[in-house]
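**Q** Here it is, the structure, as structure tokens.
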Protein chains: 2
Amino acid sequence: MQPRLDFWLEFASTYSYPAAMRIAALAKAAGVGVRWRPFLLGPIFKAQGWDNSPFNIYPAKGRYMWRDLARICETLGLPFAQPTLFPQNSILAARVALVGLAQGWGEDFCRAVYTAEFGDGRNIGEPAMVAGVLESLGQDTDAVIAQAQSDAIKAQLRAQTEEANRLGIFGAPSFVTPDGELFWGNDRMEAALAWTKK
Amino acid sequence: MQPRLDFWLEFASTYSYPAAMRIAALAKAAGVGVRWRPFLLGPIFKAQGWDNSPFNIYPAKGRYMWRDLARICETLGLPFAQPTLFPQNSILAARVALVGLAQGWGEDFCRAVYTAEFGDGRNIGEPAMVAGVLESLGQDTDAVIAQAQSDAIKAQLRAQTEEANRLGIFGAPSFVTPDGELFWGNDRMEAALAWTKK
């Protein structure tokens, strides 16, 4: 059995984009399995007294983040376009991802959503945008969206968000090793994989 | 002429500790000069509405940071001890550093202060602690502290802090390249050095 790292991602999170694009190859090279765990940062931020992204609340930090993300994408050869709207409503995308992850096409869906949002600057909060991504993956759009809006999936996303909070997660992307070590940020992925292996 | 990177450090900043311990060797290997620029984060945090460290204001983030710092120090082979008091008053240490950087012993002083604070868990806000570091470096303690408390040095530290703010610096450590690129965090040191070289 290869060890498994939990990858906690939020579709509104900028640094989750390069993390989602990098993790499959790095984990494979490290001999580590990855469980993708979409969750919502909104409730966690709200508990800290924020009703917006800290990158909007603190403009110097926000300006820096966009520049830093552009540089990271350039280094990785990833497309980058700053979306007009930030942060975006990520609930539908997260629910669809849960459906897809149970059916084997979830990771491709996650990468396609991030690429639309931060590679192409689109608004993934629009249901038509999510539907377009599903179509591009050859999925039965209506059936998947109906399932994503079911009570079972809604409850699963809530439970996953509560679990993230219990684990001490306060930002995305985050990584949790089998023995409970928490790593925060795209720039901690290598350390999280190394910890999982040891 | 080798290119030069500005290294902005704050003695109250946890991640400035591994940065201060790493930068000389990495910069030498990269063929990049480094200008050490102590400044104060307090006035910059105050302008963002914080009267304390965000690591104290947001406990989940604070718990994570101490664990992350312990892991980083272990990886680097650096001593680590979480100080009882955080954040510490860094004004005297910053002023003394300005004196030392003009006299050639400033970088050793910075490393010794960080090691006392985060390697040994001491309170570098105590003047006796700063004096002890100066003694260990063979300096004339009374003369240096008198100079550090002069109007000229006080004004220099204020000016440096204002410059940091103008450059968009909102945290420490930060790095600014000759063409004005800002990098934030110990984990961006390699990228900042690579940018400076190119």
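Residue numbering restarts at 1 in every chain; chains get A, B, ... in the order shown in the structure tokens, and ligands count up from 1 in that same order.
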Set the distance at 9 Å and use only C-alpha atoms: which residues neighbour A:Asp68 once local chain neighbours fewer than 4 positions away are removed? I'd like the list as a ChimeraX atom specification.

**A** /A:63-64,72-73 /B:182-184

**Q** Quick one: which stretch 56-95 of chain A residues come within 8 Å of stretch 19-40 of chain A, and what is the nearest atom pair for each with the distance in Å to one decimal, counting only C-alpha atoms, rows ordered by chain and ascending number, as JSON lines?

**A**
{"residue": "A:Ser90", "atom": "CA", "partner": "A:Leu40", "partner_atom": "CA", "distance": 7.6}
{"residue": "A:Ile91", "atom": "CA", "partner": "A:Leu40", "partner_atom": "CA", "distance": 7.4}
{"residue": "A:Ala94", "atom": "CA", "partner": "A:Pro38", "partner_atom": "CA", "distance": 5.8}

**Q** Of the candidates A:Gly125, A:Pro3, A:Pro173, A:Gly168, which shows the shortest atom-to-atom distance to chain B, using only C-alpha atoms?

**A** A:Gly168

**Q** Counting only C-alpha atoms, which residues from chain B have an atom at most 7 Å from any atom of chain A, and could you show them as an MDAnalysis selection string?

**A** chainID B and resid 48 58 60:61 168 170

**Q** Excluding same-chain residues fewer than 5 positions from stretch 133-146 of chain B, what lies within 8 Å of it counting only C-alpha atoms, as a PyMOL selection string?

**A** chain B and resi 96+99+108-109+112-113

**Q** I need the chosen residues saved as a compact mmCIF listing (two decimals), in the first residue's frame, with C-alpha atoms.

**A**
# COMPACT_ATOMS: atom_id res chain seq x y z
CA VAL B 96 21.78 48.34 16.77
CA VAL B 99 24.91 50.68 13.51
CA ASP B 108 26.70 38.56 12.48
CA PHE B 109 24.66 40.62 14.94
CA ALA B 112 23.02 36.14 16.71
CA VAL B 113 19.82 38.02 17.64

**Q** DSSP on the backbone, then: every residue of stretch 9-198 of chain B marked alpha helix (DSSP H), written as an MDAnalysis selection string.

**A** chainID B and resid 16:30 42:47 54:57 59:76 91:103 106:114 127:136 141:148 151:166 189:197

**Q** Out of stretch 79-185 of chain B, which residues get strand (DSSP E or B) from DSSP, as a list of chain:residue names?

**A**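 In stretch 79-185 of chain B, DSSP puts these residues in strand (DSSP E or B): B:Ser174, B:Phe175, B:Val176, B:Leu182, B:Phe183, B:Trp184.
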
**Q** Nearest to B:Gln156: which of B:Ala81, B:Met1, B:Leu98, B:Leu69 is it, counting only C-alpha atoms?

**A**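 Of all the options, B:Leu98 lies closest to B:Gln156.
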
**Q** Figure out the distance between atom CA of B:Leu157 and atom CA of B:Gly132, please, to one decimal in Å.

**A**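 Going from atom CA of B:Gly132 over to atom CA of B:Leu157 covers 21.9 Å.
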
**Q** Using only C-alpha atoms, which of A:Glu117, A:Glu126, A:Glu162, A:Glu190 sits nearest A:Phe86?

**A** A:Glu117
